[in-house]
>>> print(open('my_file03.tsv').read())   # TSV, C-alpha atoms
chain	number	residue	atom	x	y	z
A	53	MET	CA	23.01	102.21	152.82
A	54	SER	CA	25.35	99.25	152.50
A	55	ASN	CA	26.80	97.56	155.58
A	56	PRO	CA	30.45	98.78	155.87
A	57	ILE	CA	31.57	95.58	157.62
A	58	LYS	CA	30.18	93.36	154.84
A	59	THR	CA	31.68	95.68	152.26
A	60	LEU	CA	35.07	95.49	153.97
A	61	ILE	CA	34.97	91.67	154.03
A	62	ARG	CA	33.89	91.45	150.40
A	63	ARG	CA	36.52	93.89	149.16
A	64	SER	CA	39.31	92.36	151.27
A	65	HIS	CA	39.55	89.56	148.70
A	66	GLY	CA	40.63	92.00	145.98
A	67	ALA	CA	43.97	91.39	144.29
A	68	GLN	CA	47.12	93.25	145.31
A	69	LEU	CA	48.85	95.56	142.85
A	70	PRO	CA	51.98	94.23	141.08
A	71	PRO	CA	54.81	96.55	139.99
A	72	ILE	CA	53.40	99.03	137.49
A	73	GLU	CA	55.94	98.07	134.83
A	74	GLU	CA	54.28	94.64	134.59
A	75	ILE	CA	51.51	96.24	132.54
A	76	GLU	CA	53.79	96.08	129.49
A	77	ARG	CA	53.67	92.32	129.36
A	78	PHE	CA	49.91	92.25	128.84
A	79	GLY	CA	50.44	93.34	125.25
A	80	ALA	CA	52.97	91.81	122.90
A	81	ASP	CA	56.13	93.90	122.66
A	82	GLY	CA	55.62	94.26	118.93
A	83	GLU	CA	52.06	95.52	119.32
A	84	GLU	CA	53.16	98.07	121.92
A	85	ALA	CA	55.96	99.33	119.69
A	86	VAL	CA	53.69	99.69	116.67
A	87	CYS	CA	50.97	101.41	118.68
A	88	ARG	CA	53.41	103.93	120.20
A	89	LEU	CA	54.84	104.68	116.76
A	90	LEU	CA	51.44	105.24	115.19
A	91	ARG	CA	50.20	107.46	118.00
A	92	ARG	CA	53.17	109.75	117.46
A	93	HIS	CA	52.02	110.32	113.88
A	94	PHE	CA	48.24	109.87	113.78
A	95	GLY	CA	45.40	111.16	115.92
A	96	SER	CA	43.07	108.15	115.62
A	97	VAL	CA	44.63	104.82	116.60
A	98	ILE	CA	42.23	102.14	117.88
A	99	ARG	CA	43.36	98.89	119.47
A	100	ASN	CA	41.67	95.50	119.50
A	101	VAL	CA	39.08	96.18	116.79
A	102	VAL	CA	36.30	93.59	116.51
A	103	VAL	CA	33.34	92.83	114.25
A	104	PRO	CA	30.59	90.24	114.87
A	105	HIS	CA	30.97	87.08	112.80
A	106	LYS	CA	28.52	84.16	112.98
A	107	LYS	CA	28.13	83.50	116.73
A	108	LEU	CA	31.47	85.04	117.71
A	109	TYR	CA	33.76	87.84	116.55
A	110	LEU	CA	36.73	88.59	114.34
A	111	GLU	CA	39.50	90.75	115.79
A	112	LYS	CA	42.46	92.76	114.50
A	113	ASP	CA	45.27	94.39	116.45
A	114	LEU	CA	44.90	98.00	115.35
A	115	MET	CA	43.00	100.43	113.20
A	116	VAL	CA	44.42	103.77	112.08
A	117	VAL	CA	42.26	106.50	110.55
A	118	CYS	CA	44.41	108.96	108.58
A	119	ASP	CA	42.60	111.88	106.92
A	120	ASP	CA	39.32	109.94	107.19
A	121	VAL	CA	40.84	106.85	105.49
A	122	PRO	CA	40.74	103.57	107.54
A	123	PHE	CA	43.62	101.07	107.77
A	124	VAL	CA	43.20	97.68	109.47
A	125	ILE	CA	46.53	96.42	110.81
A	126	GLU	CA	47.67	92.93	111.79
A	127	ILE	CA	50.98	92.77	113.68
A	128	LYS	CA	53.41	89.86	113.39
A	129	ASN	CA	56.50	89.38	115.55
A	130	TRP	CA	58.05	86.68	113.39
A	131	LYS	CA	61.84	86.39	113.40
A	132	GLY	CA	64.27	85.24	110.75
A	133	GLU	CA	63.57	85.13	107.02
A	134	ILE	CA	59.89	85.41	106.10
A	135	GLY	CA	58.67	84.52	102.62
A	136	CYS	CA	55.68	83.05	100.86
A	137	ARG	CA	54.79	80.65	98.06
A	138	GLY	CA	51.34	81.61	96.87
A	139	ASP	CA	49.24	81.99	99.99
A	140	VAL	CA	51.54	79.81	102.15
A	141	PHE	CA	53.97	81.77	104.34
A	142	TYR	CA	57.17	80.27	105.69
A	143	GLN	CA	59.80	81.17	108.25
A	144	ASN	CA	63.49	80.25	108.17
A	145	LYS	CA	64.98	80.84	111.61
A	146	ASP	CA	68.66	81.50	112.17
A	147	ASN	CA	68.99	78.14	113.99
A	148	GLY	CA	67.99	76.32	110.79
A	149	VAL	CA	64.38	75.64	111.71
A	150	HIS	CA	61.89	75.93	108.82
A	151	LYS	CA	58.21	76.51	109.60
A	152	GLU	CA	55.10	77.03	107.53
A	153	LEU	CA	52.85	79.75	108.90
A	154	LYS	CA	49.20	80.59	108.46
A	155	SER	CA	48.83	83.45	106.02
A	156	PRO	CA	47.73	86.71	107.69
A	157	VAL	CA	46.49	87.98	104.31
A	158	GLY	CA	43.38	85.83	104.18
A	159	THR	CA	42.28	86.66	107.74
A	160	THR	CA	42.86	90.37	107.13
A	161	ASN	CA	40.73	90.32	103.97
A	162	GLN	CA	38.05	88.33	105.79
A	163	PHE	CA	37.97	90.94	108.55
A	164	ILE	CA	37.69	93.80	106.05
A	165	ARG	CA	34.84	92.08	104.16
A	166	ARG	CA	32.89	91.48	107.36
A	167	MET	CA	33.58	94.99	108.59
A	168	LYS	CA	32.24	96.54	105.39
A	169	GLU	CA	29.12	94.36	105.59
A	170	PHE	CA	28.52	95.09	109.28
A	171	TYR	CA	28.90	98.87	108.98
A	172	ASP	CA	27.53	99.11	105.40
A	173	ILE	CA	30.72	100.81	104.16
A	174	ALA	CA	31.15	101.38	100.43
A	175	ARG	CA	34.56	103.07	100.47
A	176	PRO	CA	37.84	101.06	100.50
A	177	ILE	CA	39.29	99.86	103.80
A	178	TRP	CA	42.97	99.08	103.51
A	179	GLY	CA	44.61	96.07	105.13
A	180	ILE	CA	48.20	96.00	106.35
A	181	VAL	CA	50.34	93.24	107.85
A	182	VAL	CA	53.31	94.83	109.60
A	183	PHE	CA	56.34	92.79	110.67
A	184	ALA	CA	57.45	94.48	113.88
A	185	GLU	CA	60.37	92.25	114.91
A	186	PRO	CA	63.73	93.97	114.15
A	187	ASP	CA	65.31	90.55	113.54
A	188	CYS	CA	63.11	89.89	110.53
A	189	ARG	CA	64.14	89.71	106.88
A	190	LEU	CA	61.28	89.90	104.41
A	191	ASP	CA	61.30	88.09	101.08
A	192	LEU	CA	57.76	89.22	100.27
A	193	PRO	CA	55.97	91.43	97.76
A	194	GLU	CA	54.89	94.79	99.16
A	195	GLU	CA	51.29	93.81	98.46
A	196	LEU	CA	49.48	90.47	98.22
A	197	ASP	CA	45.77	90.11	97.37
A	198	GLY	CA	45.29	93.79	98.18
A	199	VAL	CA	46.97	93.60	101.61
A	200	ALA	CA	50.23	95.49	102.19
A	201	LEU	CA	53.14	93.50	103.71
A	202	LEU	CA	55.50	95.96	105.37
A	203	PRO	CA	58.44	96.24	107.74
A	204	LEU	CA	57.88	98.66	110.59
A	205	ASN	CA	59.95	101.46	109.03
A	206	ARG	CA	57.67	101.53	105.96
A	207	LEU	CA	54.38	101.66	107.89
A	208	VAL	CA	53.91	105.41	108.46
A	209	PRO	CA	54.96	106.52	104.94
A	210	PHE	CA	52.68	103.90	103.38
A	211	ILE	CA	49.64	105.03	105.39
A	212	ARG	CA	50.22	108.69	104.53
A	213	ALA	CA	50.71	108.00	100.82
A	214	ARG	CA	47.67	105.72	100.52
A	215	ALA	CA	45.47	108.17	102.48
A	216	LYS	CA	46.50	111.01	100.17
A	217	ALA	CA	45.71	108.92	97.09
A	218	ASP	CA	42.28	108.02	98.48
A	219	ASN	CA	41.42	111.60	99.30
A	220	ASP	CA	42.44	112.68	95.82
A	221	GLN	CA	39.78	110.25	94.51
A	222	GLY	CA	37.08	111.76	96.72
A	223	PHE	CA	35.97	108.73	98.77
A	224	LEU	CA	33.56	109.25	101.66
A	225	ALA	CA	34.99	110.05	105.10
A	226	PHE	CA	35.17	107.25	107.67
A	227	ASP	CA	33.53	107.58	111.12
A	228	SER	CA	35.88	105.92	113.62
A	229	ASP	CA	33.47	106.47	116.54
A	230	ARG	CA	31.31	103.59	115.22
A	231	ILE	CA	34.06	101.00	115.66
A	232	LEU	CA	33.69	98.26	118.27
A	233	ARG	CA	36.71	98.04	120.57
A	234	CYS	CA	37.63	94.98	122.60
A	235	THR	CA	38.64	95.43	126.26
A	236	ARG	CA	40.67	92.95	128.33
A	237	PHE	CA	40.40	92.49	132.09
A	238	TYR	CA	43.21	90.87	134.09
A	239	SER	CA	43.23	89.39	137.57
A	240	GLU	CA	46.37	88.03	139.18
A	241	ASP	CA	48.58	86.98	136.24
A	242	SER	CA	45.97	85.98	133.71
A	243	GLU	CA	43.24	87.34	131.48
A	244	PHE	CA	39.84	86.49	132.87
A	245	CYS	CA	37.47	88.47	130.67
A	246	LYS	CA	37.61	89.87	127.16
A	247	GLY	CA	34.86	91.65	125.29
A	248	ILE	CA	33.14	94.79	124.11
A	249	LEU	CA	32.71	97.39	126.83
A	250	ALA	CA	29.14	98.69	127.04
A	251	ASP	CA	29.99	101.65	129.28
A	252	ASN	CA	31.30	104.79	127.60
A	253	HIS	CA	32.01	106.49	130.94
A	254	LEU	CA	33.32	105.49	134.36
A	255	LEU	CA	32.30	107.70	137.28
A	256	CYS	CA	35.21	108.36	139.66
A	257	THR	CA	36.51	110.87	142.19
A	258	ALA	CA	39.63	112.93	141.48
A	259	GLU	CA	42.34	113.45	144.09
A	260	ASP	CA	40.88	116.86	144.97
A	261	GLY	CA	37.47	115.29	145.65
A	262	THR	CA	35.64	116.40	142.52
A	263	ARG	CA	33.50	113.93	140.58
A	264	VAL	CA	34.92	112.92	137.19
A	265	ARG	CA	33.46	110.95	134.27
A	266	LEU	CA	36.29	109.07	132.52
A	267	ASP	CA	35.65	108.53	128.82
A	268	THR	CA	36.53	104.85	128.33
A	269	THR	CA	36.96	105.30	124.57
A	270	ARG	CA	39.94	107.58	125.28
A	271	LEU	CA	41.78	105.27	127.69
A	272	ARG	CA	44.77	103.01	127.11
A	273	PHE	CA	44.79	101.11	130.40
A	274	ILE	CA	43.88	101.25	134.09
A	275	THR	CA	45.85	99.70	136.91
A	276	VAL	CA	43.71	99.05	140.00
A	277	GLU	CA	45.04	99.21	143.56
A	278	ASN	CA	42.52	97.74	145.95
A	279	GLN	CA	42.32	99.74	149.22
A	280	PRO	CA	39.97	97.60	151.35
A	281	LEU	CA	40.43	99.53	154.61
A	282	ARG	CA	39.22	102.68	152.85
A	283	LEU	CA	36.46	100.78	151.04
A	284	ARG	CA	37.66	102.06	147.67
A	285	ASP	CA	39.92	101.40	144.69
A	286	LYS	CA	42.73	103.65	143.53
A	287	LEU	CA	42.91	103.82	139.74
A	288	TYR	CA	46.13	104.64	137.88
A	289	VAL	CA	44.79	105.75	134.52
A	290	THR	CA	46.78	106.09	131.29
A	291	TYR	CA	45.06	107.85	128.39
A	292	ALA	CA	45.45	106.97	124.72
A	293	ASN	CA	47.51	110.15	124.21
A	294	GLY	CA	50.02	109.07	126.89
A	295	GLY	CA	48.70	111.30	129.69
A	296	CYS	CA	48.17	109.91	133.20
A	297	GLY	CA	45.91	110.50	136.18
A	298	VAL	CA	44.92	109.06	139.55
A	299	PHE	CA	41.28	108.58	140.52
A	300	TYR	CA	39.19	106.71	143.09
A	301	ASN	CA	35.98	104.72	142.92
A	302	ARG	CA	33.71	102.76	145.27
A	303	ASP	CA	31.95	99.63	144.04
A	304	ALA	CA	32.11	100.54	140.35
A	305	GLU	CA	31.11	97.91	137.79
A	306	LEU	CA	31.67	97.74	134.04
A	307	THR	CA	29.33	95.84	131.71
A	308	VAL	CA	31.03	93.69	129.08
A	309	GLY	CA	29.62	91.87	126.08
A	310	CYS	CA	31.86	88.80	125.99
A	311	LEU	CA	33.01	87.27	122.72
A	312	ASP	CA	31.00	84.10	123.38
A	313	GLY	CA	27.77	86.11	123.29
A	314	THR	CA	27.23	86.34	127.07
A	315	TRP	CA	27.17	89.49	129.21
A	316	ARG	CA	29.11	90.07	132.42
A	317	LYS	CA	29.37	92.79	135.02
A	318	ILE	CA	32.97	93.20	136.21
A	319	ALA	CA	33.56	94.77	139.64
A	320	LEU	CA	36.71	96.87	139.60
A	321	HIS	CA	37.84	95.63	143.01
A	322	ARG	CA	38.28	92.19	141.41
A	323	VAL	CA	40.54	93.57	138.68
A	324	ARG	CA	44.27	94.30	138.57
A	325	HIS	CA	44.54	95.72	135.05
A	326	ILE	CA	42.18	96.78	132.29
A	327	VAL	CA	43.65	97.09	128.81
A	328	PHE	CA	41.51	99.01	126.33
>>> encode(input="my_file03.tsv", output="structure tokens")
Amino acid sequence: MSNPIKTLIRRSHGAQLPPIEEIERFGADGEEAVCRLLRRHFGSVIRNVVVPHKKLYLEKDLMVVCDDVPFVIEIKNWKGEIGCRGDVFYQNKDNGVHKELKSPVGTTNQFIRRMKEFYDIARPIWGIVVFAEPDCRLDLPEELDGVALLPLNRLVPFIRARAKADNDQGFLAFDSDRILRCTRFYSEDSEFCKGILADNHLLCTAEDGTRVRLDTTRLRFITVENQPLRLRDKLYVTYANGGCGVFYNRDAELTVGCLDGTWRKIALHRVRHIVF
């Protein structure tokens, strides 16, 4: 049995909980808006999708699986007029500033190629770059090098139409449960760990005292309130479908495969937020 005095001292260094609304700033506003929109229309929306690449990883903001058809989505919050000349994108801001921007098309195609190699997928995987900023005027083709370039209001209809066309051609179904998802851990005001979560379940206690196994693949985020005098953490859990719950844990750890190839065990009492 652990020494309760030592446990109290160790846990007393845990971070205090900020206002719950601060959780929104850990994801870009555009990404949050796109994710909420997609989850209203589709059952399988996966955030922070990664594939191994050389000694590190490639990452994309979202993946949607519609009728067993996969769509990899990159989100841009660029303002002003957005256009391209060949594979060079540019931005003309309303204040007269002109900027050249790295093309999201090449990185999206690179991700799709690596994803198909890693999972040995023969069927098409569709890439989309969505421009989520309302103050954005697109002077772009709807598709470039096989990647769709869309304003936010065209995203859902495009996915539905392309999924229907794919299913009419009889491609194989896509298994979204195989996809690697990147999890972010925050302490104080900064990200301190980012990687692939090895634990599919987190053992907790519900408010009525029953033991509960939280499925981490179905979570959106957890806010942790350290309660050192009770030798426990209070977890405010938000599920991917928007539901919420409150649970408790004592000395729980999560194992993370970091993007630099190392492994870490993260104690929940050192965490303020976990974004899945």
>>> residues_around(input="my_file03.tsv", residues="stretch 89-95 of chain A", least_positions_apart="3", cutoff="10 Å", atoms="only C-alpha atoms", output="list of chain:residue names")
A:Glu83, A:Glu84, A:Ala85, A:Val86, A:Ile98, A:Leu114, A:Met115, A:Val116, A:Val117, A:Cys118, A:Asp119, A:Leu204, A:Asn205, A:Leu207, A:Val208, A:Ile211, A:Arg212, A:Ala292, A:Asn293, A:Gly294
>>> write_last_selection(input="my_file03.tsv", atoms="C-alpha atoms", output="JSON list (two decimals), keeping the file's coordinate frame")
[["chain", "number", "residue", "atom", "x", "y", "z"],
["A", 83, "GLU", "CA", 52.06, 95.52, 119.32],
["A", 84, "GLU", "CA", 53.16, 98.07, 121.92],
["A", 85, "ALA", "CA", 55.96, 99.33, 119.69],
["A", 86, "VAL", "CA", 53.69, 99.69, 116.67],
["A", 98, "ILE", "CA", 42.23, 102.14, 117.88],
["A", 114, "LEU", "CA", 44.90, 98.00, 115.35],
["A", 115, "MET", "CA", 43.00, 100.43, 113.20],
["A", 116, "VAL", "CA", 44.42, 103.77, 112.08],
["A", 117, "VAL", "CA", 42.26, 106.50, 110.55],
["A", 118, "CYS", "CA", 44.41, 108.96, 108.58],
["A", 119, "ASP", "CA", 42.60, 111.88, 106.92],
["A", 204, "LEU", "CA", 57.88, 98.66, 110.59],
["A", 205, "ASN", "CA", 59.95, 101.46, 109.03],
["A", 207, "LEU", "CA", 54.38, 101.66, 107.89],
["A", 208, "VAL", "CA", 53.91, 105.41, 108.46],
["A", 211, "ILE", "CA", 49.64, 105.03, 105.39],
["A", 212, "ARG", "CA", 50.22, 108.69, 104.53],
["A", 292, "ALA", "CA", 45.45, 106.97, 124.72],
["A", 293, "ASN", "CA", 47.51, 110.15, 124.21],
["A", 294, "GLY", "CA", 50.02, 109.07, 126.89]]
>>> atom_distance(input="my_file03.tsv", atom1="atom CA of A:Glu277", atom2="atom CA of A:Leu320")
9.5 Å
>>> atom_distance(input="my_file03.tsv", atom1="atom CA of A:Ile231", atom2="atom CA of A:Val103")
8.3 Å
>>> atom_distance(input="my_file03.tsv", atom1="atom CA of A:Val121", atom2="atom CA of A:Ala225")
6.7 Å
>>> residues_around(input="my_file03.tsv", residues="A:Arg230", least_positions_apart="5", cutoff="12 Å", atoms="all atoms listed in the file", output="JSON, numbers by chain")
{"A": [98, 101, 102, 103, 167, 170, 171, 172, 173, 269]}
>>> closest_residue(input="my_file03.tsv", among="A:Asp227, A:Glu133, A:Asp218, A:Asp303", to="A:Lys151", atoms="only C-alpha atoms")
A:Glu133
>>> closest_residue(input="my_file03.tsv", among="A:Phe237, A:Phe226, A:Trp130, A:Tyr288", to="A:Asp146", atoms="all atoms listed in the file")
A:Trp130
>>> residues_around(input="my_file03.tsv", residues="stretch 190-192 of chain A", least_positions_apart="3", cutoff="7 Å", atoms="all atoms listed in the file", output="NGL selection string")
:A and (133-136)
>>> closest_residue(input="my_file03.tsv", among="A:Val289, A:Lys216, A:Gly313, A:Lys145", to="A:Arg189", atoms="all atoms listed in the file")
A:Lys145
>>> residues_near_point(input="my_file03.tsv", point="(27.9, 96.0, 126.1)", cutoff="7 Å", atoms="only C-alpha atoms", output="list in words")
Ile248, Leu249, Ala250, Asp251, Thr307, Val308 and Gly309 of chain A
>>> residues_around(input="my_file03.tsv", residues="A:Gly132", least_positions_apart="6", cutoff="10 Å", atoms="all atoms listed in the file", output="NGL selection string")
:A and (143-150 or 185-190)
>>> closest_residue(input="my_file03.tsv", among="A:Arg165, A:Val97, A:Cys245, A:Leu224", to="A:Trp315", atoms="all atoms listed in the file")
A:Cys245
>>> closest_residue(input="my_file03.tsv", among="A:Pro122, A:Gly247, A:Gly297, A:Pro176", to="A:Leu311", atoms="only C-alpha atoms")
A:Gly247
>>> residues_around(input="my_file03.tsv", residues="A:Glu305", least_positions_apart="3", cutoff="8 Å", atoms="all atoms listed in the file", output="compact mmCIF listing (two decimals) with C-alpha atoms, in the frame of the given file")
# COMPACT_ATOMS: atom_id res chain seq x y z
CA LYS A 317 29.37 92.79 135.02
CA ILE A 318 32.97 93.20 136.21
CA ALA A 319 33.56 94.77 139.64
CA LEU A 320 36.71 96.87 139.60
>>> closest_residue(input="my_file03.tsv", among="A:Ser155, A:Asn129, A:Asn219, A:Gln279", to="A:Val182", atoms="only C-alpha atoms")
A:Asn129
>>> build_atoms(input="my_file03.tsv", residues="stretch 303-314 of chain A", atoms="all heavy atoms", output="CSV table (one decimal), in the frame of the given file")
chain,number,residue,atom,x,y,z
A,303,ASP,N,32.9,100.6,144.5
A,303,ASP,CA,32.0,99.6,144.0
A,303,ASP,C,31.5,99.9,142.6
A,303,ASP,O,30.4,99.6,142.2
A,303,ASP,CB,30.7,99.6,144.9
A,303,ASP,CG,31.0,99.2,146.3
A,303,ASP,OD1,31.8,98.3,146.5
A,303,ASP,OD2,30.5,99.8,147.3
A,304,ALA,N,32.4,100.4,141.8
A,304,ALA,CA,32.1,100.5,140.4
A,304,ALA,C,32.1,99.2,139.6
A,304,ALA,O,32.9,98.3,139.9
A,304,ALA,CB,33.1,101.5,139.7
A,305,GLU,N,31.2,99.1,138.6
A,305,GLU,CA,31.1,97.9,137.8
A,305,GLU,C,31.1,98.3,136.3
A,305,GLU,O,30.6,99.4,136.0
A,305,GLU,CB,29.8,97.1,138.1
A,305,GLU,CG,29.8,96.4,139.4
A,305,GLU,CD,28.5,95.6,139.5
A,305,GLU,OE1,27.5,95.9,139.0
A,305,GLU,OE2,28.6,94.5,140.2
A,306,LEU,N,31.7,97.5,135.5
A,306,LEU,CA,31.7,97.7,134.0
A,306,LEU,C,31.0,96.6,133.4
A,306,LEU,O,31.2,95.4,133.7
A,306,LEU,CB,33.1,97.9,133.5
A,306,LEU,CG,33.8,99.2,133.9
A,306,LEU,CD1,35.3,99.1,133.4
A,306,LEU,CD2,33.2,100.4,133.4
A,307,THR,N,30.1,96.9,132.4
A,307,THR,CA,29.3,95.8,131.7
A,307,THR,C,30.1,95.5,130.4
A,307,THR,O,30.4,96.4,129.6
A,307,THR,CB,27.9,96.4,131.4
A,307,THR,OG1,27.3,96.7,132.6
A,307,THR,CG2,27.1,95.3,130.7
A,308,VAL,N,30.3,94.2,130.2
A,308,VAL,CA,31.0,93.7,129.1
A,308,VAL,C,30.2,92.7,128.3
A,308,VAL,O,29.7,91.7,128.9
A,308,VAL,CB,32.4,93.0,129.6
A,308,VAL,CG1,33.2,92.6,128.4
A,308,VAL,CG2,33.2,94.0,130.4
A,309,GLY,N,30.2,92.9,127.0
A,309,GLY,CA,29.6,91.9,126.1
A,309,GLY,C,30.7,90.9,125.7
A,309,GLY,O,31.6,91.3,124.9
A,310,CYS,N,30.8,89.7,126.2
A,310,CYS,CA,31.9,88.8,126.0
A,310,CYS,C,31.8,88.2,124.6
A,310,CYS,O,30.7,88.2,123.9
A,310,CYS,CB,31.8,87.7,127.0
A,310,CYS,SG,31.9,88.2,128.7
A,311,LEU,N,32.9,87.7,124.1
A,311,LEU,CA,33.0,87.3,122.7
A,311,LEU,C,32.3,86.0,122.5
A,311,LEU,O,32.1,85.6,121.3
A,311,LEU,CB,34.5,87.1,122.3
A,311,LEU,CG,35.3,88.4,122.4
A,311,LEU,CD1,36.6,88.2,121.7
A,311,LEU,CD2,34.6,89.6,121.8
A,312,ASP,N,31.8,85.3,123.6
A,312,ASP,CA,31.0,84.1,123.4
A,312,ASP,C,29.5,84.4,123.4
A,312,ASP,O,28.7,83.5,123.4
A,312,ASP,CB,31.3,83.1,124.5
A,312,ASP,CG,31.0,83.6,125.9
A,312,ASP,OD1,30.5,84.7,126.0
A,312,ASP,OD2,31.2,82.9,126.8
A,313,GLY,N,29.2,85.7,123.4
A,313,GLY,CA,27.8,86.1,123.3
A,313,GLY,C,27.1,86.4,124.6
A,313,GLY,O,26.0,86.9,124.7
A,314,THR,N,27.8,86.1,125.7
A,314,THR,CA,27.2,86.3,127.1
A,314,THR,C,27.6,87.8,127.5
A,314,THR,O,28.4,88.4,126.9
A,314,THR,CB,27.8,85.3,128.1
A,314,THR,OG1,29.2,85.5,128.2
A,314,THR,CG2,27.5,83.9,127.7
